[in-house]
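A.B. asks: This is the content of my_file_6.pdb (PDB, C-alpha atoms, pLDDT in the B column):
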```pdb
ATOM      1  CA  MET A   1       6.287   2.599  19.932  1.00 43.00           C
ATOM      2  CA  PRO A   2       6.335   2.988  16.144  1.00 58.00           C
ATOM      3  CA  ASP A   3       3.478   1.379  14.259  1.00 88.00           C
ATOM      4  CA  ASP A   4       5.106  -1.285  12.073  1.00 94.00           C
ATOM      5  CA  LEU A   5       1.961  -1.877  10.004  1.00 94.00           C
ATOM      6  CA  TYR A   6       1.698   1.834   9.200  1.00 94.00           C
ATOM      7  CA  HIS A   7       5.362   1.989   8.181  1.00 96.00           C
ATOM      8  CA  ARG A   8       5.016  -1.066   5.941  1.00 96.00           C
ATOM      9  CA  TYR A   9       1.879   0.473   4.417  1.00 95.00           C
ATOM     10  CA  MET A  10       3.719   3.742   3.686  1.00 96.00           C
ATOM     11  CA  LYS A  11       6.756   1.890   2.263  1.00 97.00           C
ATOM     12  CA  ALA A  12       4.439  -0.048  -0.052  1.00 97.00           C
ATOM     13  CA  LEU A  13       2.839   3.204  -1.198  1.00 97.00           C
ATOM     14  CA  ALA A  14       6.257   4.760  -1.859  1.00 98.00           C
ATOM     15  CA  ALA A  15       7.415   1.699  -3.798  1.00 97.00           C
ATOM     16  CA  SER A  16       4.244   1.703  -5.891  1.00 96.00           C
ATOM     17  CA  ARG A  17       4.562   5.415  -6.665  1.00 96.00           C
ATOM     18  CA  ALA A  18       8.252   5.084  -7.534  1.00 97.00           C
ATOM     19  CA  HIS A  19       7.432   2.241  -9.908  1.00 97.00           C
ATOM     20  CA  ASP A  20       4.585   4.227 -11.489  1.00 94.00           C
ATOM     21  CA  ALA A  21       6.932   7.153 -12.079  1.00 95.00           C
ATOM     22  CA  THR A  22       9.500   5.086 -13.950  1.00 96.00           C
ATOM     23  CA  CYS A  23       7.686   2.168 -15.592  1.00 96.00           C
ATOM     24  CA  THR A  24       7.107   2.585 -19.303  1.00 95.00           C
ATOM     25  CA  THR A  25       4.936  -0.546 -19.513  1.00 96.00           C
ATOM     26  CA  CYS A  26       2.213   0.277 -16.968  1.00 95.00           C
ATOM     27  CA  THR A  27      -0.877   2.161 -18.108  1.00 92.00           C
ATOM     28  CA  ARG A  28      -4.006   3.310 -16.285  1.00 87.00           C
ATOM     29  CA  ASP A  29      -5.812   0.208 -17.501  1.00 92.00           C
ATOM     30  CA  ALA A  30      -3.068  -2.415 -17.238  1.00 95.00           C
ATOM     31  CA  LEU A  31      -0.121  -2.883 -14.922  1.00 95.00           C
ATOM     32  CA  CYS A  32       3.026  -4.834 -15.614  1.00 97.00           C
ATOM     33  CA  ALA A  33       3.815  -7.820 -13.369  1.00 97.00           C
ATOM     34  CA  ASP A  34       5.928  -5.732 -10.964  1.00 97.00           C
ATOM     35  CA  GLY A  35       3.389  -2.920 -10.895  1.00 96.00           C
ATOM     36  CA  SER A  36       0.599  -5.364 -10.195  1.00 97.00           C
ATOM     37  CA  ARG A  37       2.543  -6.979  -7.352  1.00 97.00           C
ATOM     38  CA  LEU A  38       3.368  -3.604  -5.805  1.00 97.00           C
ATOM     39  CA  GLU A  39      -0.216  -2.380  -6.110  1.00 96.00           C
ATOM     40  CA  GLU A  40      -1.557  -5.576  -4.530  1.00 97.00           C
ATOM     41  CA  SER A  41       0.886  -5.302  -1.645  1.00 97.00           C
ATOM     42  CA  PHE A  42      -0.052  -1.662  -1.041  1.00 97.00           C
ATOM     43  CA  THR A  43      -3.780  -2.436  -1.184  1.00 97.00           C
ATOM     44  CA  ARG A  44      -3.471  -5.386   1.204  1.00 97.00           C
ATOM     45  CA  LEU A  45      -1.482  -3.361   3.744  1.00 97.00           C
ATOM     46  CA  GLN A  46      -3.792  -0.360   3.443  1.00 96.00           C
ATOM     47  CA  ASP A  47      -6.834  -2.566   4.056  1.00 97.00           C
ATOM     48  CA  ALA A  48      -5.189  -4.170   7.086  1.00 95.00           C
ATOM     49  CA  TYR A  49      -4.207  -0.801   8.545  1.00 95.00           C
ATOM     50  CA  LEU A  50      -7.637   0.777   8.027  1.00 94.00           C
ATOM     51  CA  THR A  51      -9.376  -2.293   9.432  1.00 95.00           C
ATOM     52  CA  ARG A  52      -7.245  -2.102  12.543  1.00 93.00           C
ATOM     53  CA  LEU A  53      -8.035   1.613  12.962  1.00 92.00           C
ATOM     54  CA  ARG A  54     -11.763   0.906  12.702  1.00 93.00           C
ATOM     55  CA  GLU A  55     -11.476  -1.888  15.271  1.00 92.00           C
ATOM     56  CA  GLN A  56      -9.608   0.359  17.688  1.00 89.00           C
ATOM     57  CA  ARG A  57     -12.317   3.003  17.446  1.00 89.00           C
ATOM     58  CA  SER A  58     -15.093   0.509  18.212  1.00 84.00           C
TER
END
```
Would you mind writing the file out in structure tokens?

C.D. replies:
Amino acid sequence: MPDDLYHRYMKALAASRAHDATCTTCTRDALCADGSRLEESFTRLQDAYLTRLREQRS
């Protein structure tokens, strides 16, 4: 069975990278509203996925 959390995590990463590649407003130090939202979504999903992996290994 495909891991839905992993796929959502990877989609969030792809969306964040696509935005980074095209946004002329975002900088290393400050993200635009969309960039910030995408980065937060990616971070939240990554944390959830890694937490679940750690729990499965315990």

A.B. asks: Find the residues around Glu39 in chain A up to 12 Å (only C-alpha atoms counted), leave out those fewer than 2 positions away in its own chain, and share them as a list in words.

C.D. replies: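 Using only C-alpha atoms, the neighbours found are Tyr9, Lys11, Ala12, Leu13, Ala14, Ala15, Ser16, Arg17, Ala18, His19, Asp20, Cys26, Ala30, Leu31, Cys32, Ala33, Asp34, Gly35, Ser36, Arg37, Ser41, Phe42, Thr43, Arg44, Leu45 and Gln46 of chain A.
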
A.B. asks: What is the distance between CA of Ala21 in chain A and CA of Leu53 in chain A, in Å to one decimal?

C.D. replies: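 The value is 29.7 Å.
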
A.B. asks: For a test of reading the model, state the distance in Å between CA of Arg8 in chain A and CA of Thr22 in chain A, rounded to one decimal.

C.D. replies: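 Separating CA of Arg8 in chain A from CA of Thr22 in chain A is a distance of 21.3 Å.
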
A.B. asks: Enclose all atoms of range 6-21 of chain A listed in the file in an axis-aligned box, grow every side by 5 Å, and hand back centre and edge lengths in Å to one decimal, as lines of an AutoDock Vina configuration file.

C.D. replies:
```
center_x = 5.0
center_y = 3.0
center_z = -1.4
size_x = 16.6
size_y = 18.2
size_z = 31.3
```

A.B. asks: How far is it from CA of Thr24 in chain A to CA of Glu40 in chain A, in Å with one decimal?

C.D. replies: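 We find that CA of Thr24 in chain A and CA of Glu40 in chain A lie 19.0 Å from each other.
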
A.B. asks: Which is closest to Leu5 in chain A among A:Arg28, A:Cys23, A:Leu38, A:Leu50, if we use all atoms listed in the file?

C.D. replies: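 When distances to Leu5 in chain A are compared using all atoms listed in the file, the smallest one comes from A:Leu50.
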
A.B. asks: Could you add N, CA, C and O atoms to range 7-27 of chain A and give me the result as a tab-separated table (two decimals), in the frame of the given file?

C.D. replies:
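Output (out14.tsv):
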```
chain	number	residue	atom	x	y	z
A	7	HIS	N	4.11	1.77	8.92
A	7	HIS	CA	5.36	1.99	8.18
A	7	HIS	C	5.45	1.08	6.96
A	7	HIS	O	5.90	1.51	5.90
A	8	ARG	N	5.02	-0.16	7.10
A	8	ARG	CA	5.02	-1.07	5.94
A	8	ARG	C	4.04	-0.59	4.88
A	8	ARG	O	4.32	-0.65	3.68
A	9	TYR	N	2.89	-0.08	5.31
A	9	TYR	CA	1.88	0.47	4.42
A	9	TYR	C	2.45	1.67	3.65
A	9	TYR	O	2.32	1.77	2.42
A	10	MET	N	3.13	2.57	4.33
A	10	MET	CA	3.72	3.74	3.69
A	10	MET	C	4.88	3.36	2.75
A	10	MET	O	5.05	3.95	1.69
A	11	LYS	N	5.67	2.35	3.15
A	11	LYS	CA	6.76	1.89	2.26
A	11	LYS	C	6.18	1.28	0.99
A	11	LYS	O	6.72	1.48	-0.11
A	12	ALA	N	5.09	0.55	1.12
A	12	ALA	CA	4.44	-0.05	-0.05
A	12	ALA	C	3.90	1.04	-0.97
A	12	ALA	O	4.00	0.93	-2.20
A	13	LEU	N	3.33	2.08	-0.39
A	13	LEU	CA	2.84	3.20	-1.20
A	13	LEU	C	4.00	3.87	-1.94
A	13	LEU	O	3.91	4.15	-3.14
A	14	ALA	N	5.10	4.12	-1.24
A	14	ALA	CA	6.26	4.76	-1.86
A	14	ALA	C	6.82	3.90	-2.99
A	14	ALA	O	7.18	4.41	-4.05
A	15	ALA	N	6.89	2.60	-2.76
A	15	ALA	CA	7.42	1.70	-3.80
A	15	ALA	C	6.50	1.69	-5.02
A	15	ALA	O	6.97	1.73	-6.16
A	16	SER	N	5.20	1.68	-4.78
A	16	SER	CA	4.24	1.70	-5.89
A	16	SER	C	4.34	3.00	-6.68
A	16	SER	O	4.36	3.00	-7.91
A	17	ARG	N	4.44	4.11	-5.98
A	17	ARG	CA	4.56	5.42	-6.66
A	17	ARG	C	5.87	5.53	-7.43
A	17	ARG	O	5.91	6.08	-8.54
A	18	ALA	N	6.96	5.04	-6.85
A	18	ALA	CA	8.25	5.08	-7.53
A	18	ALA	C	8.20	4.25	-8.81
A	18	ALA	O	8.71	4.67	-9.86
A	19	HIS	N	7.56	3.09	-8.72
A	19	HIS	CA	7.43	2.24	-9.91
A	19	HIS	C	6.59	2.95	-10.96
A	19	HIS	O	6.96	2.98	-12.14
A	20	ASP	N	5.46	3.52	-10.55
A	20	ASP	CA	4.58	4.23	-11.49
A	20	ASP	C	5.33	5.36	-12.21
A	20	ASP	O	5.07	5.61	-13.39
A	21	ALA	N	6.22	6.02	-11.50
A	21	ALA	CA	6.93	7.15	-12.08
A	21	ALA	C	7.97	6.74	-13.11
A	21	ALA	O	8.34	7.56	-13.97
A	22	THR	N	8.41	5.49	-13.05
A	22	THR	CA	9.50	5.09	-13.95
A	22	THR	C	9.13	3.99	-14.95
A	22	THR	O	9.84	3.81	-15.94
A	23	CYS	N	8.04	3.29	-14.71
A	23	CYS	CA	7.69	2.17	-15.59
A	23	CYS	C	7.08	2.67	-16.90
A	23	CYS	O	6.14	3.46	-16.90
A	24	THR	N	7.62	2.20	-17.99
A	24	THR	CA	7.11	2.58	-19.30
A	24	THR	C	6.09	1.58	-19.83
A	24	THR	O	5.48	1.81	-20.87
A	25	THR	N	5.88	0.49	-19.10
A	25	THR	CA	4.94	-0.55	-19.51
A	25	THR	C	3.56	-0.34	-18.90
A	25	THR	O	2.55	-0.60	-19.55
A	26	CYS	N	3.49	0.11	-17.67
A	26	CYS	CA	2.21	0.28	-16.97
A	26	CYS	C	1.38	1.38	-17.61
A	26	CYS	O	1.92	2.41	-18.03
A	27	THR	N	0.08	1.15	-17.67
A	27	THR	CA	-0.88	2.16	-18.11
A	27	THR	C	-1.97	2.26	-17.05
A	27	THR	O	-1.99	1.46	-16.10
```
